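File shown here: entry05.txt, holding compact mmCIF, C-alpha atoms (C1' of nucleotides).
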# COMPACT_ATOMS: atom_id res chain seq x y z
CA MET A 10 -161.25 23.11 84.75
CA ARG A 11 -158.87 20.79 86.54
CA HIS A 12 -155.14 21.13 85.94
CA ASP A 13 -153.00 18.14 85.13
CA LEU A 14 -150.96 17.49 88.25
CA LEU A 15 -148.41 15.56 86.25
CA LEU A 16 -147.41 18.76 84.48
CA MET A 17 -146.80 20.65 87.71
CA PRO A 18 -143.21 21.62 88.45
CA LYS A 19 -141.45 19.44 90.98
CA THR A 20 -139.71 22.27 92.76
CA LEU A 21 -140.81 23.50 96.15
CA PRO A 22 -141.97 27.08 96.65
CA SER A 23 -139.74 29.44 98.58
CA THR A 24 -140.39 29.17 102.29
CA ALA A 25 -141.25 32.87 102.16
CA ARG A 26 -144.26 31.88 100.01
CA SER A 27 -145.10 28.61 101.73
CA LEU A 28 -148.73 28.01 102.60
CA PRO A 29 -148.07 26.04 105.82
CA ILE A 30 -145.68 28.70 107.10
CA ALA A 31 -148.07 31.48 106.12
CA LEU A 32 -150.81 29.74 108.08
CA ILE A 33 -148.60 29.44 111.14
CA ARG A 34 -147.61 33.09 111.05
CA ALA A 35 -151.15 34.29 110.49
CA ARG A 36 -152.34 32.16 113.37
CA GLU A 37 -149.62 33.58 115.58
CA GLY A 38 -150.59 37.12 114.57
CA VAL A 39 -154.23 36.47 115.37
CA MET A 40 -153.70 34.55 118.59
CA SER A 41 -151.10 36.87 120.08
CA PRO A 42 -153.54 39.51 121.34
CA ILE A 43 -156.02 36.84 122.35
CA ARG A 44 -153.38 35.00 124.37
CA GLU A 45 -152.43 38.30 125.96
CA MET A 46 -156.04 38.82 126.99
CA LEU A 47 -156.34 35.28 128.35
CA SER A 48 -153.10 35.43 130.31
CA GLU A 49 -154.89 37.56 132.90
CA THR A 50 -157.49 34.84 133.42
CA GLY A 51 -155.04 31.94 133.63
CA ILE A 52 -156.71 29.88 130.92
CA THR A 53 -155.08 28.80 127.67
CA GLU A 54 -156.29 29.44 124.16
CA GLN A 55 -157.44 25.84 123.87
CA GLN A 56 -159.43 26.08 127.09
CA TRP A 57 -160.91 29.31 125.77
CA ARG A 58 -161.97 27.48 122.61
CA VAL A 59 -163.67 24.77 124.66
CA LEU A 60 -165.52 27.37 126.72
CA ARG A 61 -166.58 29.20 123.56
CA VAL A 62 -168.05 26.07 122.01
CA LEU A 63 -169.80 24.99 125.21
CA ALA A 64 -171.24 28.47 125.72
CA GLU A 65 -172.55 28.56 122.17
CA TYR A 66 -174.00 25.07 121.81
CA GLY A 67 -174.56 23.95 125.39
CA ARG A 68 -174.03 20.49 126.88
CA MET A 69 -172.64 17.96 124.46
CA ASP A 70 -170.74 14.69 124.23
CA THR A 71 -166.97 14.62 124.09
CA LYS A 72 -166.69 13.61 120.46
CA THR A 73 -168.80 16.52 119.30
CA LEU A 74 -166.90 18.89 121.57
CA ALA A 75 -163.56 17.71 120.24
CA ASP A 76 -164.76 18.19 116.68
CA ARG A 77 -166.22 21.65 117.21
CA SER A 78 -163.24 22.94 119.16
CA SER A 79 -160.73 21.34 116.78
CA LEU A 80 -158.97 19.31 119.45
CA LEU A 81 -157.72 15.75 119.31
CA PHE A 82 -159.16 13.33 121.80
CA PRO A 83 -156.03 12.92 123.93
CA SER A 84 -155.69 16.67 124.22
CA LEU A 85 -159.34 17.06 125.18
CA THR A 86 -159.01 14.39 127.85
CA ARG A 87 -156.29 16.37 129.58
CA ILE A 88 -157.92 19.75 129.01
CA ALA A 89 -161.30 18.58 130.30
CA ALA A 90 -159.74 17.07 133.42
CA ASN A 91 -157.86 20.30 134.02
CA MET A 92 -160.96 22.45 133.51
CA ARG A 93 -163.07 20.20 135.70
CA GLU A 94 -160.58 20.61 138.56
CA LYS A 95 -160.74 24.38 138.13
CA GLY A 96 -164.53 24.31 138.11
CA TYR A 97 -165.08 25.59 134.58
CA VAL A 98 -166.93 22.49 133.33
CA THR A 99 -168.70 19.39 134.63
CA GLN A 100 -168.38 15.86 133.26
CA THR A 101 -171.25 13.38 133.48
CA ARG A 102 -171.48 9.80 132.23
CA ASP A 103 -174.18 8.77 129.79
CA HIS A 104 -176.36 6.30 131.72
CA LYS A 105 -177.59 4.64 128.54
CA ASP A 106 -174.09 4.11 127.15
CA ARG A 107 -171.54 4.25 129.90
CA ARG A 108 -168.69 4.58 127.45
CA ARG A 109 -169.79 8.08 126.54
CA GLN A 110 -169.73 11.22 128.61
CA PHE A 111 -171.20 14.70 128.46
CA ILE A 112 -169.48 17.97 129.22
CA GLU A 113 -171.22 21.16 130.29
CA ILE A 114 -170.04 24.65 131.13
CA THR A 115 -170.49 25.91 134.70
CA GLN A 116 -171.46 29.36 135.90
CA HIS A 117 -167.79 29.89 136.75
CA GLY A 118 -166.85 29.05 133.18
CA GLN A 119 -169.61 31.19 131.73
CA LYS A 120 -168.34 34.14 133.75
CA ILE A 121 -164.97 33.87 132.02
CA ILE A 122 -166.74 34.10 128.67
CA ASP A 123 -168.86 37.03 129.76
CA ASP A 124 -165.90 38.92 131.20
CA CYS A 125 -163.72 38.46 128.13
CA ALA A 126 -166.33 38.71 125.39
CA PRO A 127 -166.19 42.51 124.93
CA GLN A 128 -162.42 42.61 124.63
CA ALA A 129 -162.38 39.52 122.40
CA ALA A 130 -164.97 41.14 120.17
CA ARG A 131 -162.81 44.24 119.89
CA ILE A 132 -159.84 42.10 118.88
CA VAL A 133 -161.88 40.39 116.18
CA ALA A 134 -163.19 43.74 115.01
CA GLY A 135 -159.62 44.95 114.78
CA PHE A 136 -158.72 42.19 112.35
CA LYS A 137 -161.83 42.81 110.29
CA ASP A 138 -160.76 46.42 110.17
CA THR A 139 -157.24 45.47 109.12
CA LEU A 140 -158.40 43.25 106.27
CA GLY A 141 -161.66 44.92 105.40
CA GLU A 142 -165.04 43.23 105.68
CA ASP A 143 -164.94 41.70 102.20
CA ASN A 144 -161.41 40.35 102.52
CA TYR A 145 -162.26 38.96 105.94
CA GLU A 146 -165.15 36.94 104.56
CA THR A 147 -163.09 35.88 101.55
CA LEU A 148 -160.34 34.67 103.84
CA LEU A 149 -162.76 32.57 105.90
CA ASP A 150 -164.15 31.03 102.72
CA LEU A 151 -160.72 30.19 101.33
CA LEU A 152 -159.60 28.69 104.63
CA ALA A 153 -162.72 26.54 104.70
CA MET A 154 -161.76 25.13 101.31
CA LEU A 155 -158.52 23.87 102.81
CA ASP A 156 -160.31 22.07 105.62
CA LEU A 157 -160.80 18.68 104.02
CA GLY A 158 -162.73 17.39 107.01
CA SER A 159 -165.58 19.83 106.28
CA GLN A 160 -166.15 18.48 102.79
CA ASP A 161 -167.61 15.16 103.89
CA MET H 2 -161.69 54.39 105.35
CA ARG H 3 -161.14 53.23 108.90
CA HIS H 4 -164.11 51.94 110.89
CA ASP H 5 -164.81 53.16 114.38
CA LEU H 6 -164.00 50.27 116.65
CA LEU H 7 -166.14 51.72 119.40
CA LEU H 8 -169.21 51.08 117.29
CA MET H 9 -168.41 47.42 116.73
CA PRO H 10 -170.77 44.91 118.30
CA LYS H 11 -169.54 43.34 121.48
CA THR H 12 -170.74 39.85 120.66
CA LEU H 13 -168.37 37.10 119.59
CA PRO H 14 -168.74 35.42 116.21
CA SER H 15 -170.01 31.87 116.09
CA THR H 16 -167.17 29.41 116.53
CA ALA H 17 -168.16 28.05 113.13
CA ARG H 18 -167.05 31.41 111.68
CA SER H 19 -164.11 32.05 113.98
CA LEU H 20 -160.86 33.14 112.36
CA PRO H 21 -158.53 31.36 114.83
CA ILE H 22 -160.44 28.11 114.46
CA ALA H 23 -160.55 28.46 110.68
CA LEU H 24 -156.77 28.93 110.68
CA ILE H 25 -156.27 25.83 112.80
CA ARG H 26 -158.46 23.70 110.57
CA ALA H 27 -156.89 24.97 107.38
CA ARG H 28 -153.46 24.27 108.79
CA GLU H 29 -154.52 20.78 109.73
CA GLY H 30 -155.92 20.21 106.26
CA VAL H 31 -152.70 21.38 104.65
CA MET H 32 -150.31 19.63 107.00
CA SER H 33 -152.10 16.29 107.08
CA PRO H 34 -150.76 14.99 103.74
CA ILE H 35 -147.35 16.52 104.45
CA ARG H 36 -147.16 14.81 107.83
CA GLU H 37 -148.18 11.57 106.16
CA MET H 38 -145.32 11.97 103.72
CA LEU H 39 -142.84 12.79 106.47
CA SER H 40 -143.88 9.90 108.69
CA GLU H 41 -141.95 7.59 106.40
CA THR H 42 -138.76 9.56 106.96
CA GLY H 43 -139.12 9.85 110.74
CA ILE H 44 -138.81 13.63 110.85
CA THR H 45 -141.47 16.00 112.12
CA GLU H 46 -143.08 18.89 110.29
CA GLN H 47 -140.99 21.37 112.29
CA GLN H 48 -137.78 19.54 111.43
CA TRP H 49 -138.91 19.57 107.80
CA ARG H 50 -139.40 23.32 108.02
CA VAL H 51 -135.88 23.77 109.40
CA LEU H 52 -134.43 21.64 106.62
CA ARG H 53 -136.41 23.59 104.01
CA VAL H 54 -135.08 26.92 105.25
CA LEU H 55 -131.49 25.69 105.52
CA ALA H 56 -131.62 24.16 102.05
CA GLU H 57 -132.95 27.37 100.57
CA TYR H 58 -130.76 29.97 102.29
CA GLY H 59 -127.72 27.98 103.39
CA ARG H 60 -125.75 28.32 106.61
CA MET H 61 -127.17 30.90 109.03
CA ASP H 62 -127.23 31.93 112.66
CA THR H 63 -129.83 30.55 115.02
CA LYS H 64 -131.85 33.74 115.35
CA THR H 65 -132.34 34.05 111.62
CA LEU H 66 -133.18 30.37 111.38
CA ALA H 67 -135.78 30.65 114.12
CA ASP H 68 -137.36 33.64 112.41
CA ARG H 69 -137.45 32.10 108.94
CA SER H 70 -138.80 28.77 110.11
CA SER H 71 -141.30 30.37 112.50
CA LEU H 72 -140.04 28.60 115.60
CA LEU H 73 -139.53 29.97 119.08
CA PHE H 74 -136.05 29.84 120.46
CA PRO H 75 -136.67 27.16 123.09
CA SER H 76 -138.23 24.93 120.45
CA LEU H 77 -135.34 25.47 118.08
CA THR H 78 -132.82 24.62 120.78
CA ARG H 79 -134.41 21.19 121.23
CA ILE H 80 -135.03 20.61 117.56
CA ALA H 81 -131.48 21.56 116.57
CA ALA H 82 -129.99 19.29 119.24
CA ASN H 83 -132.21 16.46 118.02
CA MET H 84 -131.32 17.02 114.37
CA ARG H 85 -127.62 17.29 115.17
CA GLU H 86 -127.71 13.90 116.88
CA LYS H 87 -129.41 12.41 113.84
CA GLY H 88 -126.83 13.99 111.54
CA TYR H 89 -129.16 16.28 109.60
CA VAL H 90 -127.40 19.51 110.61
CA THR H 91 -124.15 20.77 112.12
CA GLN H 92 -123.75 23.46 114.76
CA THR H 93 -120.66 25.68 114.91
CA ARG H 94 -119.79 28.54 117.25
CA ASP H 95 -119.09 32.01 115.94
CA HIS H 96 -115.43 32.67 116.78
CA LYS H 97 -115.96 36.43 116.72
CA ASP H 98 -118.95 36.32 119.05
CA ARG H 99 -118.96 33.13 121.06
CA ARG H 100 -122.55 33.63 122.16
CA ARG H 101 -123.78 33.06 118.64
CA GLN H 102 -123.82 29.88 116.65
CA PHE H 103 -124.33 28.86 113.06
CA ILE H 104 -126.36 25.96 111.77
CA GLU H 105 -125.84 24.24 108.45
CA ILE H 106 -127.56 21.39 106.65
CA THR H 107 -125.57 18.20 106.02
CA GLN H 108 -125.58 15.94 102.98
CA HIS H 109 -127.73 13.56 104.98
CA GLY H 110 -130.24 16.35 105.61
CA GLN H 111 -130.13 17.51 102.00
CA LYS H 112 -130.96 14.00 100.87
CA ILE H 113 -134.20 14.13 102.87
CA ILE H 114 -135.14 17.30 101.02
CA ASP H 115 -134.23 15.85 97.65
CA ASP H 116 -136.12 12.64 98.27
CA CYS H 117 -139.29 14.36 99.44
CA ALA H 118 -139.31 17.40 97.16
CA PRO H 119 -141.22 15.83 94.27
CA GLN H 120 -144.01 14.50 96.46
CA ALA H 121 -144.14 17.74 98.48
CA ALA H 122 -144.41 19.70 95.25
CA ARG H 123 -147.30 17.50 94.16
CA ILE H 124 -149.07 18.16 97.47
CA VAL H 125 -148.64 21.91 97.06
CA ALA H 126 -149.84 21.68 93.48
CA GLY H 127 -152.89 19.82 94.72
CA PHE H 128 -153.86 22.70 96.98
CA LYS H 129 -153.26 25.22 94.23
CA ASP H 130 -155.53 23.12 92.11
CA THR H 131 -158.18 22.99 94.81
CA LEU H 132 -158.25 26.74 95.31
CA GLY H 133 -157.24 27.91 91.87
CA GLU H 134 -154.10 29.89 91.14
CA ASP H 135 -155.68 33.28 91.80
CA ASN H 136 -157.32 32.27 95.05
CA TYR H 137 -154.09 30.67 96.18
CA GLU H 138 -152.15 33.90 95.73
CA THR H 139 -154.96 35.90 97.31
CA LEU H 140 -154.92 33.63 100.31
CA LEU H 141 -151.18 34.06 100.80
CA ASP H 142 -151.56 37.82 100.59
CA LEU H 143 -154.40 37.92 103.10
CA LEU H 144 -152.52 35.66 105.51
CA ALA H 145 -149.50 37.93 105.27
CA MET H 146 -151.67 40.84 106.35
CA LEU H 147 -152.42 39.00 109.59
CA ASP H 148 -148.75 38.46 110.33
CA LEU H 149 -148.02 41.55 112.36
CA GLY H 150 -144.35 40.65 112.68
CA SER H 151 -143.85 41.14 108.95
CA GLN H 152 -145.02 44.75 108.99
CA ASP H 153 -142.02 46.14 110.86
C1' DG D 26 -111.01 48.24 134.81
C1' DT D 27 -115.38 47.32 137.09
C1' DT D 28 -120.14 47.21 137.04
C1' DA D 29 -124.54 47.25 134.75
C1' DT D 30 -126.92 46.28 130.78
C1' DT D 31 -127.86 43.87 126.73
C1' DT D 32 -127.80 39.90 123.80
C1' DC D 33 -127.76 34.91 122.59
C1' DC D 34 -128.78 30.72 124.00
C1' DT D 35 -130.21 27.18 127.22
C1' DT D 36 -133.00 25.10 130.76
C1' DA D 37 -137.21 24.50 133.38
C1' DA D 38 -142.08 23.85 133.91
C1' DC D 39 -146.36 23.14 132.25
C1' DA D 40 -149.82 22.57 128.44
C1' DT D 41 -150.76 20.81 124.00
C1' DG D 42 -150.00 18.06 119.43
C1' DT D 43 -149.50 13.51 117.62
C1' DT D 44 -149.43 8.59 117.20
C1' DA D 45 -149.92 4.17 119.21
C1' DA D 46 -151.29 1.05 122.71
C1' DT D 47 -154.61 0.06 126.43
C1' DT D 48 -158.89 -0.16 129.13
C1' DG D 49 -163.77 -0.35 129.69
C1' DT D 50 -168.51 -0.93 127.19
C1' DT D 51 -171.57 -2.09 123.94
C1' DG D 52 -173.56 -4.87 120.49
C1' DC D 53 -173.53 -8.72 117.47
C1' DG D 54 -173.27 -13.28 115.79
C1' DA D 55 -171.80 -18.26 116.37
C1' DT P 8 -173.72 -17.13 126.44
C1' DC P 9 -169.67 -16.91 124.74
C1' DG P 10 -166.44 -14.68 122.12
C1' DC P 11 -165.26 -10.95 119.21
C1' DA P 12 -165.51 -6.80 116.54
C1' DA P 13 -166.51 -1.95 117.18
C1' DC P 14 -166.54 2.10 119.88
C1' DA P 15 -165.45 5.76 123.63
C1' DA P 16 -162.13 7.26 126.39
C1' DT P 17 -157.80 7.10 128.60
C1' DT P 18 -152.92 6.49 129.04
C1' DA P 19 -148.21 6.44 127.33
C1' DA P 20 -144.35 8.33 124.95
C1' DC P 21 -142.22 11.71 122.55
C1' DA P 22 -142.01 16.33 120.26
C1' DT P 23 -143.39 21.01 120.25
C1' DG P 24 -145.64 25.60 122.03
C1' DT P 25 -145.27 29.02 125.54
C1' DT P 26 -143.59 31.71 129.31
C1' DA P 27 -140.22 32.52 132.74
C1' DA P 28 -135.82 32.09 134.68
C1' DG P 29 -130.87 31.17 134.28
C1' DG P 30 -126.07 31.33 132.32
C1' DA P 31 -122.45 32.93 129.37
C1' DA P 32 -120.49 36.36 126.47
C1' DA P 33 -120.31 40.94 124.54
C1' DT P 34 -121.13 45.89 125.09
C1' DA P 35 -121.88 50.29 127.34
C1' DA P 36 -121.40 53.36 131.23
C1' DC P 37 -118.69 55.05 134.79
Write the structure described by the file as structure tokens, please.
Amino acid sequence: MRHDLLLMPKTLPSTARSLPIALIRAREGVMSPIREMLSETGITEQQWRVLRVLAEYGRMDTKTLADRSSLLFPSLTRIAANMREKGYVTQTRDHKDRRRQFIEITQHGQKIIDDCAPQAARIVAGFKDTLGEDNYETLLDLLAMLDLGSQD
Amino acid sequence: MRHDLLLMPKTLPSTARSLPIALIRAREGVMSPIREMLSETGITEQQWRVLRVLAEYGRMDTKTLADRSSLLFPSLTRIAANMREKGYVTQTRDHKDRRRQFIEITQHGQKIIDDCAPQAARIVAGFKDTLGEDNYETLLDLLAMLDLGSQD
DNA sequence: GTTATTTCCTTAACATGTTAATTGTTGCGA
DNA sequence: TCGCAACAATTAACATGTTAAGGAAATAAC
């Protein structure tokens, strides 16, 4: 049953119990070991996300890539240009609609994924171990409920 | 009972079920309405966080402020300078230890909090309503488990 | 007391987040 | 076909995230 928002108190929660701050801290806790792993390769966590998506789904247009890797278009423009210069991805224009473009991972980029995958998997397993399998799945489900974009 | 990490699979989860990406999307979903609210005042979400912490705990040194508002020192240096120019906070040196400094919210800054508090509270209430009170508390607890800094 | 170390804070450099304005294409309707 | 709305992508401008280096003040070691 839906609560009546008009009856909700108009005081803010303590910052120690704030959802936005809790999300930031959790993200920092999760990304810290991943960033540490990536620092040896010279790529950022966002570039890692792009590689992950491209490796999983293959060649795709920029809009889809931005959506799947949770990046805004301006960020992706810079990141893609950077990664293209480093040889991790290739960019090709759509001949049918020259506004659009496709991005694909290269062998060089795939090697980064392959080299880091075992350690990344161990990091993920560590968090599953910390929370427990059930809590881990519960957390993913609850987080998905906060992602309004996924409800369309 | 603790799982044996050496037995964990060495394959990465689908990006659709990735914890870092889920955290990013949840954060975006939560912050979107808050950012929309703040856009009218001209302050950013980080500046809002600083004001929230200062309003709740009062005058404090920079290190504590950075910790409570989950900001890195270099970011806080810029943000504090920016907010001081706009008259939202004041910075004073510690006479006993001239390396340290204290930051305090001004009346002008407090007014921002007061003006936005009701709407911010409604936004928070909306998310509690979306998840349900129990799930909301569960989520905060699970997120806290991922914040390694809080376990010291 | 002088030097080395530590601590607090700032600055620098580069990458990204965010919003708005701009450019280049496509497709559509007068 | 001309003009215009819609779309994809970029660029611009400013703020923040992140790491490393620098500077100033306090503290410890000698």
Fit chain H to chain A: least squares, all C-alpha atoms, paired in order; write the output as an mmCIF file with C-alpha atoms, in the frame of the given file.
data_model
loop_
_atom_site.group_PDB
_atom_site.id
_atom_site.type_symbol
_atom_site.label_atom_id
_atom_site.label_comp_id
_atom_site.auth_asym_id
_atom_site.auth_seq_id
_atom_site.Cartn_x
_atom_site.Cartn_y
_atom_site.Cartn_z
ATOM 1 C CA MET H 2 -161.085 23.236 84.538
ATOM 2 C CA ARG H 3 -158.796 20.859 86.372
ATOM 3 C CA HIS H 4 -155.042 21.177 85.874
ATOM 4 C CA ASP H 5 -152.906 18.179 85.096
ATOM 5 C CA LEU H 6 -150.884 17.535 88.204
ATOM 6 C CA LEU H 7 -148.327 15.577 86.238
ATOM 7 C CA LEU H 8 -147.299 18.763 84.483
ATOM 8 C CA MET H 9 -146.708 20.678 87.697
ATOM 9 C CA PRO H 10 -143.132 21.673 88.443
ATOM 10 C CA LYS H 11 -141.365 19.507 90.948
ATOM 11 C CA THR H 12 -139.652 22.351 92.757
ATOM 12 C CA LEU H 13 -140.803 23.569 96.151
ATOM 13 C CA PRO H 14 -141.962 27.146 96.643
ATOM 14 C CA SER H 15 -139.746 29.511 98.573
ATOM 15 C CA THR H 16 -140.398 29.234 102.289
ATOM 16 C CA ALA H 17 -141.281 32.921 102.150
ATOM 17 C CA ARG H 18 -144.282 31.921 100.001
ATOM 18 C CA SER H 19 -145.105 28.642 101.708
ATOM 19 C CA LEU H 20 -148.739 28.024 102.594
ATOM 20 C CA PRO H 21 -148.068 26.059 105.817
ATOM 21 C CA ILE H 22 -145.695 28.728 107.081
ATOM 22 C CA ALA H 23 -148.097 31.503 106.102
ATOM 23 C CA LEU H 24 -150.838 29.732 108.067
ATOM 24 C CA ILE H 25 -148.615 29.434 111.120
ATOM 25 C CA ARG H 26 -147.654 33.091 111.034
ATOM 26 C CA ALA H 27 -151.196 34.274 110.482
ATOM 27 C CA ARG H 28 -152.358 32.142 113.371
ATOM 28 C CA GLU H 29 -149.654 33.577 115.564
ATOM 29 C CA GLY H 30 -150.621 37.094 114.552
ATOM 30 C CA VAL H 31 -154.262 36.441 115.361
ATOM 31 C CA MET H 32 -153.717 34.530 118.577
ATOM 32 C CA SER H 33 -151.111 36.848 120.060
ATOM 33 C CA PRO H 34 -153.554 39.511 121.319
ATOM 34 C CA ILE H 35 -156.035 36.822 122.360
ATOM 35 C CA ARG H 36 -153.385 34.994 124.367
ATOM 36 C CA GLU H 37 -152.420 38.294 125.949
ATOM 37 C CA MET H 38 -156.019 38.807 126.988
ATOM 38 C CA LEU H 39 -156.326 35.280 128.349
ATOM 39 C CA SER H 40 -153.086 35.428 130.310
ATOM 40 C CA GLU H 41 -154.871 37.543 132.888
ATOM 41 C CA THR H 42 -157.474 34.841 133.430
ATOM 42 C CA GLY H 43 -155.013 31.941 133.626
ATOM 43 C CA ILE H 44 -156.680 29.861 130.926
ATOM 44 C CA THR H 45 -155.057 28.796 127.680
ATOM 45 C CA GLU H 46 -156.267 29.427 124.154
ATOM 46 C CA GLN H 47 -157.444 25.814 123.871
ATOM 47 C CA GLN H 48 -159.403 26.073 127.109
ATOM 48 C CA TRP H 49 -160.894 29.306 125.775
ATOM 49 C CA ARG H 50 -161.941 27.482 122.624
ATOM 50 C CA VAL H 51 -163.647 24.767 124.678
ATOM 51 C CA LEU H 52 -165.483 27.366 126.739
ATOM 52 C CA ARG H 53 -166.545 29.212 123.577
ATOM 53 C CA VAL H 54 -168.021 26.071 122.042
ATOM 54 C CA LEU H 55 -169.781 25.011 125.244
ATOM 55 C CA ALA H 56 -171.219 28.486 125.753
ATOM 56 C CA GLU H 57 -172.531 28.576 122.213
ATOM 57 C CA TYR H 58 -173.996 25.078 121.851
ATOM 58 C CA GLY H 59 -174.566 23.981 125.441
ATOM 59 C CA ARG H 60 -174.044 20.538 126.938
ATOM 60 C CA MET H 61 -172.633 17.981 124.488
ATOM 61 C CA ASP H 62 -170.766 14.708 124.274
ATOM 62 C CA THR H 63 -166.997 14.636 124.136
ATOM 63 C CA LYS H 64 -166.717 13.627 120.494
ATOM 64 C CA THR H 65 -168.815 16.538 119.321
ATOM 65 C CA LEU H 66 -166.911 18.884 121.596
ATOM 66 C CA ALA H 67 -163.576 17.699 120.245
ATOM 67 C CA ASP H 68 -164.773 18.176 116.681
ATOM 68 C CA ARG H 69 -166.233 21.640 117.222
ATOM 69 C CA SER H 70 -163.255 22.937 119.153
ATOM 70 C CA SER H 71 -160.738 21.328 116.788
ATOM 71 C CA LEU H 72 -158.959 19.310 119.452
ATOM 72 C CA LEU H 73 -157.707 15.752 119.302
ATOM 73 C CA PHE H 74 -159.152 13.340 121.777
ATOM 74 C CA PRO H 75 -156.027 12.898 123.905
ATOM 75 C CA SER H 76 -155.704 16.663 124.213
ATOM 76 C CA LEU H 77 -159.337 17.041 125.174
ATOM 77 C CA THR H 78 -159.027 14.362 127.838
ATOM 78 C CA ARG H 79 -156.292 16.360 129.575
ATOM 79 C CA ILE H 80 -157.905 19.717 129.018
ATOM 80 C CA ALA H 81 -161.297 18.563 130.304
ATOM 81 C CA ALA H 82 -159.737 17.029 133.421
ATOM 82 C CA ASN H 83 -157.850 20.269 134.026
ATOM 83 C CA MET H 84 -160.931 22.433 133.523
ATOM 84 C CA ARG H 85 -163.043 20.180 135.728
ATOM 85 C CA GLU H 86 -160.558 20.580 138.572
ATOM 86 C CA LYS H 87 -160.687 24.343 138.157
ATOM 87 C CA GLY H 88 -164.486 24.278 138.139
ATOM 88 C CA TYR H 89 -165.036 25.584 134.613
ATOM 89 C CA VAL H 90 -166.904 22.494 133.382
ATOM 90 C CA THR H 91 -168.674 19.389 134.668
ATOM 91 C CA GLN H 92 -168.399 15.869 133.292
ATOM 92 C CA THR H 93 -171.289 13.398 133.510
ATOM 93 C CA ARG H 94 -171.585 9.832 132.241
ATOM 94 C CA ASP H 95 -174.267 8.837 129.779
ATOM 95 C CA HIS H 96 -176.486 6.377 131.666
ATOM 96 C CA LYS H 97 -177.683 4.779 128.435
ATOM 97 C CA ASP H 98 -174.181 4.260 127.075
ATOM 98 C CA ARG H 99 -171.645 4.298 129.865
ATOM 99 C CA ARG H 100 -168.744 4.667 127.457
ATOM 100 C CA ARG H 101 -169.858 8.153 126.542
ATOM 101 C CA GLN H 102 -169.776 11.270 128.627
ATOM 102 C CA PHE H 103 -171.237 14.739 128.490
ATOM 103 C CA ILE H 104 -169.493 17.990 129.254
ATOM 104 C CA GLU H 105 -171.200 21.179 130.335
ATOM 105 C CA ILE H 106 -170.001 24.671 131.164
ATOM 106 C CA THR H 107 -170.445 25.923 134.738
ATOM 107 C CA GLN H 108 -171.404 29.379 135.956
ATOM 108 C CA HIS H 109 -167.757 29.895 136.803
ATOM 109 C CA GLY H 110 -166.799 29.053 133.218
ATOM 110 C CA GLN H 111 -169.571 31.207 131.781
ATOM 111 C CA LYS H 112 -168.292 34.148 133.780
ATOM 112 C CA ILE H 113 -164.922 33.867 132.025
ATOM 113 C CA ILE H 114 -166.710 34.102 128.693
ATOM 114 C CA ASP H 115 -168.820 37.037 129.797
ATOM 115 C CA ASP H 116 -165.866 38.918 131.210
ATOM 116 C CA CYS H 117 -163.698 38.458 128.133
ATOM 117 C CA ALA H 118 -166.319 38.714 125.395
ATOM 118 C CA PRO H 119 -166.181 42.487 124.937
ATOM 119 C CA GLN H 120 -162.408 42.598 124.615
ATOM 120 C CA ALA H 121 -162.381 39.497 122.384
ATOM 121 C CA ALA H 122 -164.985 41.118 120.161
ATOM 122 C CA ARG H 123 -162.819 44.219 119.891
ATOM 123 C CA ILE H 124 -159.846 42.071 118.855
ATOM 124 C CA VAL H 125 -161.904 40.356 116.164
ATOM 125 C CA ALA H 126 -163.212 43.708 114.995
ATOM 126 C CA GLY H 127 -159.636 44.917 114.760
ATOM 127 C CA PHE H 128 -158.748 42.151 112.330
ATOM 128 C CA LYS H 129 -161.869 42.773 110.293
ATOM 129 C CA ASP H 130 -160.798 46.363 110.153
ATOM 130 C CA THR H 131 -157.289 45.432 109.080
ATOM 131 C CA LEU H 132 -158.447 43.222 106.235
ATOM 132 C CA GLY H 133 -161.726 44.874 105.373
ATOM 133 C CA GLU H 134 -165.095 43.178 105.657
ATOM 134 C CA ASP H 135 -164.989 41.637 102.188
ATOM 135 C CA ASN H 136 -161.468 40.308 102.507
ATOM 136 C CA TYR H 137 -162.304 38.917 105.918
ATOM 137 C CA GLU H 138 -165.195 36.876 104.549
ATOM 138 C CA THR H 139 -163.130 35.817 101.549
ATOM 139 C CA LEU H 140 -160.388 34.619 103.829
ATOM 140 C CA LEU H 141 -162.784 32.508 105.883
ATOM 141 C CA ASP H 142 -164.175 30.965 102.720
ATOM 142 C CA LEU H 143 -160.748 30.143 101.320
ATOM 143 C CA LEU H 144 -159.616 28.645 104.626
ATOM 144 C CA ALA H 145 -162.719 26.478 104.696
ATOM 145 C CA MET H 146 -161.762 25.092 101.304
ATOM 146 C CA LEU H 147 -158.512 23.819 102.808
ATOM 147 C CA ASP H 148 -160.314 22.025 105.608
ATOM 148 C CA LEU H 149 -160.801 18.640 104.023
ATOM 149 C CA GLY H 150 -162.717 17.346 107.029
ATOM 150 C CA SER H 151 -165.556 19.765 106.327
ATOM 151 C CA GLN H 152 -166.199 18.425 102.835
ATOM 152 C CA ASP H 153 -167.630 15.081 103.929
#
Give me the residues within 9 Å of Val31 (chain H) as a list in words, counting all atoms listed in the file and dropping any in the same chain fewer than 5 places off. Leu28, Pro29, Leu155, Asp156 and Leu157 of chain A; Arg26, Ile124, Val125 and Phe128 of chain H
Which residues are close to region 33-35 of chain D, i.e. within 12 Å by all atoms listed in the file, leaving aside same-chain residues fewer than 6 positions away? Reply as a ChimeraX atom specification. /H:62-65,73-79,82,94-95,98-103 /P:28-33
So that I can check the surroundings of region 59-61 of chain H, please list as a list in words every protein, DNA and RNA residue that reaches within 12 Å of it, counting all atoms listed in the file and ignoring chain neighbours fewer than 5 positions away. Val51, Leu52, Arg53, Val54, Leu66, Ala67, Asp68, Arg69, Ser70, Val90, Thr91, Gln92, Thr93, Arg94, Asp95, Arg101, Gln102, Phe103, Ile104, Glu105, Ile106, Thr107 and Gln111 of chain H
